[in-house]
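Below is one structure, written out as structure tokens, with a few remarks after it.
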Amino acid sequence: MLTLVTGATGQVGRRFVPRLLAQARPGEKVRVLVRDASRADAFADLGAEVVLGDLRDEEALGKAVAGVDAVVNVAAAFRGVPDEEAWAVNRDAALALGRAAAASGVRRFVQTSTGLVYGTGRGRPLTEDDPVVPGGDMWGAYTASKWEAEQGLFAMEGLGVRVGRLTFVYGDGDPHLAQSLMWASRWAGAQRLQMVHHADAAQGLLRLLHAPGVDGRLYNIADDAVVTAVELHQLNGVEVPEALFERADPDPWFGITSTERIRRELGYRPVYPSVHAAREAGAL
């Protein structure tokens, strides 16, 4: 089995690829598509094949998917990029990768998405059967482009697509936890964020990759315990602004997802069920 991973140099990809390689069985190989030649050696040293090229270059895609059995598309453009780039990477390039994969005979395609695509909250944990309802402070080009990529990939014939919707990813030295204060500093004190450690994001994606008979399925990937804006400040060692206690949460169930499906169908159990467990383990 040869698996192609895109987005290998991103925050999720650079932590996913070593875990994919570490659990590979004899005969299983990993290929990565990398734009920057200076970053290729690190993956080659781990044992991965490296193809140099841009996800938005269809010629490079053809080389990347040649002889591949499965694809894990972790590539994403968000936070600070123009809307045009978000659409180009998250939707257009993902669909081009899907078409190239189908044309090359790839049968298994894991698309990494986000729990933000659900849009507004529903008064309970969001499930994979819930329709998308655009809206909320986090809706924009990133979420919309990820949603359209999901729809387009699921519609492709001959390609066994599985989608994993990740919540807020953190851990393993990722600065994302500190960056959460960009939003949390403007929230109500009790406003909640659902997270998932990189170890569990990788676990979820690996289960999607290897599970038989789940083509066309969608799975939420998250930990077990949400954290509040107050806790996010405390975790980052930052004083909690008094203004947080004067605000009300406009949508208490926004972004809170259920993991029942991935637990029941794929046996997923978080290694770090909460950010507090990850902190105690020294895994932040």
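Chain labels run A, B, ... following the order of the structure tokens; each chain numbers its residues from 1, and ligands are numbered from 1 in the order shown.
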
Interface rows for region 86-202 of chain A against region 48-70 of chain A: nearest pair, Å to one decimal, 9 Å, only C-alpha atoms, as CSV:
```
residue,atom,partner,partner_atom,distance
A:Ala88,CA,A:Arg56,CA,7.5
A:Val89,CA,A:Arg56,CA,7.0
A:Asp92,CA,A:Arg56,CA,7.9
A:Ala93,CA,A:Arg56,CA,5.3
A:Ala94,CA,A:Leu55,CA,8.1
A:Ala96,CA,A:Glu58,CA,7.1
A:Leu97,CA,A:Leu61,CA,6.4
A:Ala100,CA,A:Gly62,CA,6.1
A:Ala101,CA,A:Val65,CA,5.8
A:Ser104,CA,A:Ala66,CA,6.2
A:Gly105,CA,A:Asp69,CA,7.6
A:Val106,CA,A:Asp69,CA,5.0
A:Arg107,CA,A:Asp69,CA,6.4
A:Arg108,CA,A:Ala70,CA,4.7
A:Phe109,CA,A:Ala70,CA,5.7
A:Val110,CA,A:Ala70,CA,7.9
```

Next on the checklist: Could you pull out the helix (DSSP H, G or I) residues of region 43-244 of chain A, going by DSSP on the backbone, and write them as JSON, numbers by chain?
Outcome noted: {"A": [43, 44, 45, 46, 58, 59, 60, 61, 62, 63, 64, 65, 83, 84, 85, 86, 87, 88, 89, 90, 91, 92, 93, 94, 95, 96, 97, 98, 99, 100, 101, 102, 103, 115, 116, 117, 118, 141, 142, 143, 144, 145, 146, 147, 148, 149, 150, 151, 152, 153, 154, 176, 177, 178, 179, 181, 182, 183, 184, 198, 199, 200, 201, 202, 203, 204, 205, 206, 207, 208, 209, 210, 229, 230, 231, 232, 233, 234, 235, 242, 243, 244]}

Next on the checklist: Could you list, as JSON, numbers by chain, every residue within 12 Å of Arg269 (chain A), counting only C-alpha atoms and ignoring same-chain residues fewer than 2 positions away?
Outcome noted: {"A": [196, 197, 199, 200, 201, 202, 203, 204, 207, 221, 222, 223, 224, 259, 260, 261, 262, 263, 264, 265, 266, 267, 271, 272, 273, 274]}

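Distances here use only C-alpha atoms; by that measure, the residue among A:Ile256, A:Val17, A:Ala37, A:Ala211 closest to Glu128 (chain A) is A:Ile256.
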
Checklist entry - Of the candidates A:Ala40, A:Ala77, A:Asn220, A:Ala103, which one gets nearest to Asp129 (chain A) if we count only C-alpha atoms? => result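 Looking only at the distances to Asp129 (chain A), the closest residue turns out to be A:Asn220.
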
Item to check | Coordinates-based distance that separates CA of Val161 (chain A) from CA of Gly216 (chain A) (Å, one decimal) | outcome: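 Separation between CA of Gly216 (chain A) and CA of Val161 (chain A): 5.4 Å.
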
Next on the checklist: I need the strand (DSSP E or B) residues of region 35-180 of chain A per DSSP on the backbone, written as a list in words.
Outcome noted: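 DSSP on the backbone gives strand (DSSP E or B) at Glu49, Val50, Val51, Leu52, Ala70, Val71, Val72, Asn73, Arg108, Phe109, Val110, Gln111, Thr112, Ser113, Thr114, Gly119, Leu126, Val133, Gly160, Val161, Arg162, Val163, Gly164, Arg165, Leu166, Phe168, Val169 and Tyr170 of chain A.
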
Checklist entry - If you count only C-alpha atoms, which residues fall within 12 Å of Gln234 (chain A), apart from same-chain ones fewer than 5 positions away, as a ChimeraX atom specification? => result /A:177-178,180-181,184-185,189,227-229,239-241,275-276,279

Checklist outcome for this item: Between A:Gly7, A:Pro252, A:Gly160, A:Gly282, smallest distance to Asp172 (chain A) by only C-alpha atoms belongs to A:Gly282
